[in-house]
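Q: The structure is given below, and queries will be raised subsequently.
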Amino acid sequence: MLVFLVIIGVSFAVMASRLTGFVEEYLYQQRIRQNSLSLERLATTVAPLFQSAASDAVNETISQSAGEMGGRLIVVDQDGKIQFDSFSTLLGTRLQLREVTDVIAGSENSSWGVHTLQAGEEVADLIPSDSGSYISCCAARLIGTRGSLGALVYLFPISDLMDSLSAVERQLLVIFGIVAVAAMAAALVFSHILTRPIQSLSTAIQKMGGGDLSQRAPVQGSYEFRRLAENYNRMAEQLENLDQSRNQFVSNASHELKTPMTTMKILLENMLYDPNMPSDIRMEFLQDMNHEIDRLTHIVSDLLTLTKTDHKMEMHLEDMDLSECMQETVHSLQPMAESRNQTLQMKVSPGVRITADPNKVPQIIYNLVENALKYSNDGGRVQVGLSVRDKNAVITVRDNGVGISKDDQAHVFERFYRVDKARSRETGGTGLGLSIVSQFVKLHHGEITLESTPGKGSIFRVLLPLKQEGLAS
Ligand SMILES: Nc1ncnc2c1ncn2[C@@H]1O[C@H](COP(=O)(O)OP(=O)(O)OP(=O)(O)O)[C@@H](O)[C@H]1O
Ligand SMILES: [Mg+2]
């Protein structure tokens with residue numbers, strides 16, 4: 001509003017001063033041209049009378065003309081001395097006004113100017129003081145037969161002219177006042193309209209700061225404000241989703257941790273309250289407890305892995321032999337396959353090298369192959385393959401196990417998601433393995449896909465770029 005007002009004020013001041021300037025000039029020109037013309041005409045009448053020293057005639061002419069014109073008429077000789085005066089008070093004195101000297105000494109035939117009447121100034125005595133504070137002076141050369149005789153000077157008050165000017169100025173001031181008030185009112189209205197979207201956005205942000213993540217800003221106002229509100233809403237939605245998934249994660253994690261704890265507590269209490277428990281049952285209980293502790297350790301280490309990945313834990317990239325890594329990892333799972341009478345086959349192209357973190361890649365392969373074995377029936381067959389396609393290494397893990405339905409396929413990479421909870425519990429799964437796999441693949445700028453038919457089996461495919469120029473180690 002202030003800026004608005006300053007701009008209007010400055011432009012108005014410039015305009016007003018230009019306008020009064022124009023008016024002033026116009027009024028002066030009008031009045032003075034008229035008076036100069038009359039004076040020059042009068043000078044041609046007075047000149048022969050003055051030359052022939054017809055004093056009475058000169059006096060009569062100037063007195064009469066002064067009465068008609070409404071001012072004072074004075075005749076000065078070539079020396080500037082006053083010879084005739086319509087007021088008859090300054091006879092014999094010298095009239096030292098610029099206009100007079102201009103005409104007598106210079107080449108101009110007429111000259112004019114404006115003087116301010118101030119006490120002590122020479123012009124102060126020229127016109128009665130109640131005539132106002134401005135006077136105009138016109139001088140016209142008196143030309144005789146032998147050249148210049150002196151000058152006819154006409155002094156007249158121009159206060160009326162100055163009054164009109166100050167009236168114009170006053171009017172301009174009033175107009176400025178009205179315009180300023182109108183501009184302020186307009187600025188108020190506009191700034192209110194302009195800032196309304198910001199206000200609603202800031203209210204939404206304030207509420208969000210207070211913990212209410214469901215706050216959305218109304219999309220309104222100009223294009224920029226609409227975009228701002230849209231971006232804010234998008235961000236709010238992401239935050240809300242993040243908050244929800246974090247809550248879900250915490251509640252899932254606590255639940256997962258609570259289950260083995262409860263089991264252990266029951267086992268322990270049984271042993272405590274039954275001191276005469278047969279030793280073989282006691283042993284069995286202890287083994288169960290040991291199993292639960294393993295399970296807890298497994299969950300905690302998986303959770304730690306995931307949290308580290310969330311915080312973009314450091315990647316230690318190295319040039320590594322993926323073929324060798326795959327052979328070793330699959331080999332370590334051979335006993336598990338054998339114990340379940342499953343065949344674990346491998347078809348690995350030799351010498352496939354990638355730039356990757358050698359601690360993470362084996363975990364990707366291990367989790368996928370372990371799942372393939374875990375979720376296949378006894379006697380099942382798991383085929384692991386490695387090939388190169390375009391600029392990617394392609395890891396394939398195929399099984400003929402239980403398979404995953406279309407609905408579940410969309411969720412298996414989520415944390416704690418298990419298709420068949422009862423079965424997973426039996427196999428000791430917590431639903432974290434695939435989310436770790438997918439995080440690791442993402443960290444390597446790779447891609448993971450899943451094809452599966454329930455009852456027939458699943459194929460997990462992982463694409464890892466052979467060279468990872470974009471990754472910092
Ligand atoms: N090859 C597969 N065949 C059928 N179902 C599978 C297969 N792999 C994963 N699943 C399903 O996806 C779910 C999630 O797998 P994920 O590896 O994340 O967890 P998990 O194996 O249950 O536990 P863990 O954290 O110990 O790996 C599994 O519980 C299982 O239901
Ligand atoms: Mg798993």
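In the structure tokens, chains take letters A, B, ... by order of appearance, with residues numbered from 1 within each chain and ligands from 1 in the order shown.
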At a cut-off of 9 Å, can you tabulate as JSON lines every residue of chain A near ligand 2 together with its closest atom pair and the distance in Å to one decimal, using only C-alpha atoms and all ligand atoms and ordering rows by chain then number?

A:
{"residue": "A:Tyr366", "atom": "CA", "partner": "ligand 2", "partner_atom_place_in_ligand_line": "1 (Mg)", "distance": 9.0}
{"residue": "A:Asn367", "atom": "CA", "partner": "ligand 2", "partner_atom_place_in_ligand_line": "1 (Mg)", "distance": 5.4}
{"residue": "A:Leu368", "atom": "CA", "partner": "ligand 2", "partner_atom_place_in_ligand_line": "1 (Mg)", "distance": 6.8}
{"residue": "A:Val369", "atom": "CA", "partner": "ligand 2", "partner_atom_place_in_ligand_line": "1 (Mg)", "distance": 8.6}
{"residue": "A:Glu370", "atom": "CA", "partner": "ligand 2", "partner_atom_place_in_ligand_line": "1 (Mg)", "distance": 6.4}
{"residue": "A:Asn371", "atom": "CA", "partner": "ligand 2", "partner_atom_place_in_ligand_line": "1 (Mg)", "distance": 4.7}
{"residue": "A:Ala372", "atom": "CA", "partner": "ligand 2", "partner_atom_place_in_ligand_line": "1 (Mg)", "distance": 8.5}
{"residue": "A:Lys374", "atom": "CA", "partner": "ligand 2", "partner_atom_place_in_ligand_line": "1 (Mg)", "distance": 7.8}
{"residue": "A:Tyr375", "atom": "CA", "partner": "ligand 2", "partner_atom_place_in_ligand_line": "1 (Mg)", "distance": 8.9}
{"residue": "A:Ser424", "atom": "CA", "partner": "ligand 2", "partner_atom_place_in_ligand_line": "1 (Mg)", "distance": 8.8}
{"residue": "A:Gly428", "atom": "CA", "partner": "ligand 2", "partner_atom_place_in_ligand_line": "1 (Mg)", "distance": 9.0}
{"residue": "A:Gly429", "atom": "CA", "partner": "ligand 2", "partner_atom_place_in_ligand_line": "1 (Mg)", "distance": 6.0}
{"residue": "A:Thr430", "atom": "CA", "partner": "ligand 2", "partner_atom_place_in_ligand_line": "1 (Mg)", "distance": 7.5}
{"residue": "A:Gly431", "atom": "CA", "partner": "ligand 2", "partner_atom_place_in_ligand_line": "1 (Mg)", "distance": 6.3}
{"residue": "A:Leu432", "atom": "CA", "partner": "ligand 2", "partner_atom_place_in_ligand_line": "1 (Mg)", "distance": 6.7}
{"residue": "A:Gly433", "atom": "CA", "partner": "ligand 2", "partner_atom_place_in_ligand_line": "1 (Mg)", "distance": 4.2}
{"residue": "A:Leu434", "atom": "CA", "partner": "ligand 2", "partner_atom_place_in_ligand_line": "1 (Mg)", "distance": 6.0}

Q: To check your reading of the model: which residues sit at most 9 Å from ligand 1 when counting only C-alpha atoms and all ligand atoms? Write the answer as an MDAnalysis selection string.

A: chainID A and resid 295 298:299 302 367:376 397:405 408:409 411:421 423:425 427:437 452 454 457:460

Q: Pick out the residues sitting within 10 Å of Ser200 (chain A), and hand them over as number ranges by chain; count only C-alpha atoms, and ignore anything fewer than 5 positions along from it in its own chain.

A: A: 195, 205-206, 216-220, 229

Q: Generate a file of the selected residues that holds N, CA, C and O atoms, formatted as a PDB file, in the first residue's frame.

A:
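selection.pdb, written as the output of this step:
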ATOM      1  N   THR A 195      -3.744 -11.313  -1.006  1.00  0.00           N
ATOM      2  CA  THR A 195      -3.114 -12.074   0.084  1.00  0.00           C
ATOM      3  C   THR A 195      -4.021 -13.157   0.652  1.00  0.00           C
ATOM      4  O   THR A 195      -3.570 -13.949   1.461  1.00  0.00           O
ATOM      5  N   ILE A 205      -0.526 -24.255   6.911  1.00  0.00           N
ATOM      6  CA  ILE A 205       0.829 -24.609   7.352  1.00  0.00           C
ATOM      7  C   ILE A 205       0.914 -24.571   8.874  1.00  0.00           C
ATOM      8  O   ILE A 205       1.508 -25.448   9.495  1.00  0.00           O
ATOM      9  N   GLN A 206       0.258 -23.547   9.450  1.00  0.00           N
ATOM     10  CA  GLN A 206       0.262 -23.415  10.907  1.00  0.00           C
ATOM     11  C   GLN A 206      -0.375 -24.648  11.553  1.00  0.00           C
ATOM     12  O   GLN A 206       0.177 -25.224  12.498  1.00  0.00           O
ATOM     13  N   ARG A 216      -5.223 -29.297   4.176  1.00  0.00           N
ATOM     14  CA  ARG A 216      -4.948 -28.981   2.769  1.00  0.00           C
ATOM     15  C   ARG A 216      -5.314 -27.529   2.528  1.00  0.00           C
ATOM     16  O   ARG A 216      -6.261 -27.020   3.140  1.00  0.00           O
ATOM     17  N   ALA A 217      -4.565 -26.884   1.627  1.00  0.00           N
ATOM     18  CA  ALA A 217      -4.854 -25.475   1.327  1.00  0.00           C
ATOM     19  C   ALA A 217      -5.816 -25.400   0.150  1.00  0.00           C
ATOM     20  O   ALA A 217      -5.690 -26.184  -0.787  1.00  0.00           O
ATOM     21  N   PRO A 218      -6.786 -24.463   0.181  1.00  0.00           N
ATOM     22  CA  PRO A 218      -7.677 -24.321  -0.980  1.00  0.00           C
ATOM     23  C   PRO A 218      -6.897 -23.791  -2.181  1.00  0.00           C
ATOM     24  O   PRO A 218      -6.092 -22.861  -2.029  1.00  0.00           O
ATOM     25  N   VAL A 219      -7.118 -24.419  -3.340  1.00  0.00           N
ATOM     26  CA  VAL A 219      -6.409 -23.979  -4.558  1.00  0.00           C
ATOM     27  C   VAL A 219      -7.198 -22.820  -5.156  1.00  0.00           C
ATOM     28  O   VAL A 219      -8.263 -23.012  -5.735  1.00  0.00           O
ATOM     29  N   GLN A 220      -6.693 -21.591  -4.983  1.00  0.00           N
ATOM     30  CA  GLN A 220      -7.402 -20.396  -5.462  1.00  0.00           C
ATOM     31  C   GLN A 220      -6.410 -19.297  -5.797  1.00  0.00           C
ATOM     32  O   GLN A 220      -5.223 -19.423  -5.529  1.00  0.00           O
ATOM     33  N   ALA A 229      -0.268 -23.599  -3.900  1.00  0.00           N
ATOM     34  CA  ALA A 229      -1.181 -24.389  -3.078  1.00  0.00           C
ATOM     35  C   ALA A 229      -1.144 -25.860  -3.505  1.00  0.00           C
ATOM     36  O   ALA A 229      -1.137 -26.767  -2.658  1.00  0.00           O
TER      37      ALA A 229
END

Q: Could you pull out the helix (DSSP H, G or I) residues of region 233-334 of chain A, going by DSSP on the backbone, and write them as a VMD selection string?

A: chain A and resid 233 to 273 279 to 310 322 to 332 334

Q: Which of these residues is nearest to Val3 (chain A), using only C-alpha atoms: A:Arg31, A:Ala356, A:Met184, A:Thr145?

A: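 Of A:Arg31, A:Ala356, A:Met184, A:Thr145, the one nearest Val3 (chain A) is A:Met184, counting only C-alpha atoms.
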
Q: Write out as number ranges by chain which residues come within 6 Å of region 315-327 of chain A when counting only C-alpha atoms, dropping same-chain ones fewer than 6 positions away.

A: A: 350-357, 473

Q: Using N, CA, C and O atoms, can you write the selected residues to a file as a compact mmCIF listing (two decimals), in the first residue's frame?

A:
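Result file selection-v2.txt:
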# COMPACT_ATOMS: atom_id res chain seq x y z
N PRO A 350 29.60 -67.03 -16.99
CA PRO A 350 30.80 -66.71 -16.22
C PRO A 350 31.31 -65.28 -16.50
O PRO A 350 31.02 -64.71 -17.55
N GLY A 351 32.02 -64.75 -15.54
CA GLY A 351 32.72 -63.46 -15.70
C GLY A 351 31.85 -62.24 -15.85
O GLY A 351 32.27 -61.25 -16.45
N VAL A 352 30.64 -62.26 -15.29
CA VAL A 352 29.81 -61.04 -15.36
C VAL A 352 30.25 -60.12 -14.23
O VAL A 352 30.16 -60.47 -13.06
N ARG A 353 30.75 -58.93 -14.63
CA ARG A 353 31.28 -58.03 -13.60
C ARG A 353 30.38 -56.80 -13.48
O ARG A 353 29.91 -56.24 -14.48
N ILE A 354 30.15 -56.39 -12.26
CA ILE A 354 29.36 -55.17 -12.05
C ILE A 354 30.05 -54.30 -11.01
O ILE A 354 30.89 -54.79 -10.25
N THR A 355 29.64 -53.01 -10.99
CA THR A 355 30.14 -52.13 -9.92
C THR A 355 29.03 -52.11 -8.89
O THR A 355 27.93 -51.62 -9.16
N ALA A 356 29.32 -52.69 -7.73
CA ALA A 356 28.25 -52.79 -6.72
C ALA A 356 28.85 -52.95 -5.34
O ALA A 356 30.07 -53.06 -5.19
N ASP A 357 27.98 -52.91 -4.35
CA ASP A 357 28.42 -53.10 -2.97
C ASP A 357 28.49 -54.61 -2.68
O ASP A 357 27.45 -55.28 -2.65
N SER A 473 30.88 -43.80 -4.39
CA SER A 473 31.13 -44.87 -3.43
C SER A 473 31.33 -44.26 -2.05
O SER A 473 31.59 -43.08 -1.91

Q: Find the residues near His291 (chain A): any atom within 12 Å, counting only C-alpha atoms, skip ones fewer than 4 places away on the same chain, and give them as a PyMOL selection string.

A: chain A and resi 260-261+263-264+267+284-287+295-298+426-428

Q: Now that the selection is made, can you save its residues with all heavy atoms as a short mmCIF file (atom, residue, chain, number, x, y, z; two decimals), in the first residue's frame?

A:
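This is the output file selection14.cif:
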data_model
loop_
_atom_site.label_atom_id
_atom_site.label_comp_id
_atom_site.auth_asym_id
_atom_site.auth_seq_id
_atom_site.Cartn_x
_atom_site.Cartn_y
_atom_site.Cartn_z
N PRO A 260 7.66 -63.30 19.69
CA PRO A 260 8.66 -64.22 20.28
C PRO A 260 8.85 -63.99 21.79
O PRO A 260 9.06 -64.95 22.53
CB PRO A 260 9.96 -63.90 19.54
CG PRO A 260 9.68 -62.77 18.66
CD PRO A 260 8.23 -62.48 18.64
N MET A 261 8.69 -62.73 22.22
CA MET A 261 8.82 -62.44 23.66
C MET A 261 7.76 -63.19 24.44
O MET A 261 8.05 -63.81 25.49
CB MET A 261 8.62 -60.93 23.91
CG MET A 261 9.63 -60.08 23.23
SD MET A 261 11.15 -60.06 24.14
CE MET A 261 11.66 -58.41 23.86
N THR A 263 6.06 -65.85 23.57
CA THR A 263 6.33 -67.29 23.51
C THR A 263 7.39 -67.66 24.55
O THR A 263 7.23 -68.63 25.33
CB THR A 263 6.83 -67.70 22.11
OG1 THR A 263 6.04 -67.01 21.15
CG2 THR A 263 6.78 -69.17 21.87
N MET A 264 8.46 -66.85 24.60
CA MET A 264 9.55 -67.15 25.52
C MET A 264 9.08 -67.06 26.97
O MET A 264 9.46 -67.86 27.82
CB MET A 264 10.72 -66.19 25.29
CG MET A 264 11.53 -66.56 24.07
SD MET A 264 13.14 -65.83 24.06
CE MET A 264 12.75 -64.12 23.97
N LEU A 267 7.13 -70.15 27.91
CA LEU A 267 8.04 -71.29 28.10
C LEU A 267 8.78 -71.18 29.43
O LEU A 267 8.89 -72.14 30.20
CB LEU A 267 9.05 -71.36 26.95
CG LEU A 267 8.47 -71.69 25.57
CD1 LEU A 267 9.51 -71.46 24.48
CD2 LEU A 267 8.00 -73.16 25.52
N GLU A 284 13.49 -79.48 25.48
CA GLU A 284 12.69 -79.06 24.32
C GLU A 284 12.29 -77.58 24.44
O GLU A 284 12.39 -76.80 23.49
CB GLU A 284 11.44 -79.93 24.23
CG GLU A 284 10.81 -79.92 22.86
CD GLU A 284 9.54 -80.78 22.84
OE1 GLU A 284 9.60 -81.95 23.31
OE2 GLU A 284 8.51 -80.25 22.39
N PHE A 285 11.88 -77.20 25.69
CA PHE A 285 11.51 -75.81 25.95
C PHE A 285 12.69 -74.87 25.71
O PHE A 285 12.57 -73.80 25.11
CB PHE A 285 11.02 -75.64 27.41
CG PHE A 285 9.56 -75.97 27.58
CD1 PHE A 285 8.88 -76.76 26.64
CD2 PHE A 285 8.85 -75.52 28.69
CE1 PHE A 285 7.54 -77.07 26.81
CE2 PHE A 285 7.51 -75.82 28.86
CZ PHE A 285 6.84 -76.60 27.92
N LEU A 286 13.85 -75.32 26.18
CA LEU A 286 15.05 -74.49 26.01
C LEU A 286 15.39 -74.32 24.53
O LEU A 286 15.77 -73.23 24.08
CB LEU A 286 16.24 -75.10 26.76
CG LEU A 286 16.24 -74.86 28.27
CD1 LEU A 286 17.34 -75.68 28.93
CD2 LEU A 286 16.42 -73.39 28.59
N GLN A 287 15.21 -75.41 23.80
CA GLN A 287 15.47 -75.32 22.35
C GLN A 287 14.50 -74.35 21.68
O GLN A 287 14.88 -73.55 20.82
CB GLN A 287 15.36 -76.71 21.72
CG GLN A 287 16.68 -77.44 21.73
CD GLN A 287 16.53 -78.92 21.38
OE1 GLN A 287 15.42 -79.41 21.16
NE2 GLN A 287 17.66 -79.61 21.36
N ARG A 295 15.06 -65.93 16.20
CA ARG A 295 14.05 -65.20 15.44
C ARG A 295 14.12 -63.70 15.76
O ARG A 295 14.08 -62.86 14.86
CB ARG A 295 12.68 -65.79 15.80
CG ARG A 295 11.58 -65.34 14.92
CD ARG A 295 10.34 -66.19 15.22
NE ARG A 295 9.15 -65.40 15.01
CZ ARG A 295 8.76 -64.98 13.82
NH1 ARG A 295 9.46 -65.29 12.75
NH2 ARG A 295 7.68 -64.25 13.70
N LEU A 296 14.22 -63.41 17.06
CA LEU A 296 14.32 -62.01 17.48
C LEU A 296 15.54 -61.34 16.86
O LEU A 296 15.46 -60.22 16.32
CB LEU A 296 14.46 -61.93 19.00
CG LEU A 296 13.18 -61.72 19.81
CD1 LEU A 296 13.51 -61.72 21.30
CD2 LEU A 296 12.53 -60.39 19.44
N THR A 297 16.67 -62.05 16.94
CA THR A 297 17.91 -61.50 16.39
C THR A 297 17.75 -61.22 14.90
O THR A 297 18.18 -60.18 14.39
CB THR A 297 19.07 -62.51 16.59
OG1 THR A 297 18.93 -63.08 17.88
CG2 THR A 297 20.42 -61.87 16.46
N HIS A 298 17.10 -62.18 14.23
CA HIS A 298 16.88 -62.04 12.78
C HIS A 298 16.04 -60.79 12.47
O HIS A 298 16.41 -59.97 11.61
CB HIS A 298 16.15 -63.32 12.31
CG HIS A 298 15.81 -63.32 10.86
ND1 HIS A 298 16.77 -63.45 9.87
CD2 HIS A 298 14.61 -63.24 10.23
CE1 HIS A 298 16.17 -63.43 8.69
NE2 HIS A 298 14.86 -63.30 8.89
N GLU A 426 5.52 -70.38 10.40
CA GLU A 426 6.09 -71.72 10.44
C GLU A 426 7.53 -71.70 9.91
O GLU A 426 8.44 -72.26 10.48
CB GLU A 426 5.28 -72.59 9.48
CG GLU A 426 4.72 -73.86 10.08
CD GLU A 426 3.81 -74.49 9.05
OE1 GLU A 426 4.36 -74.99 8.05
OE2 GLU A 426 2.57 -74.45 9.23
N THR A 427 7.68 -70.97 8.78
CA THR A 427 9.00 -70.94 8.14
C THR A 427 9.89 -69.85 8.74
O THR A 427 11.00 -69.63 8.29
CB THR A 427 8.84 -70.67 6.63
OG1 THR A 427 7.98 -69.54 6.48
CG2 THR A 427 8.28 -71.85 5.91
N GLY A 428 9.34 -69.14 9.74
CA GLY A 428 10.16 -68.13 10.43
C GLY A 428 10.26 -66.81 9.71
O GLY A 428 11.11 -65.99 10.05
#

Q: Using only C-alpha atoms, which protein or nucleic acid residues come within 10 Å of Gly9 (chain A)? Drop anything in the same chain fewer than 3 positions from it, and give the result as a list in words.

A: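 That gives Val3, Phe4, Leu5, Val6, Phe12, Ala13, Val14, Met15, Phe176, Gly177, Val179 and Ala180 of chain A.
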
Q: One decimal, Å: what's the distance from CA of Val153 (chain A) over to CA of Leu73 (chain A), could you say?

A: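 We find that CA of Val153 (chain A) and CA of Leu73 (chain A) lie 5.7 Å from each other.
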
Q: Using only C-alpha atoms, which of A:Ile8, A:Thr89, A:Met208, A:Gly380 sits nearest Val181 (chain A)?

A: A:Ile8
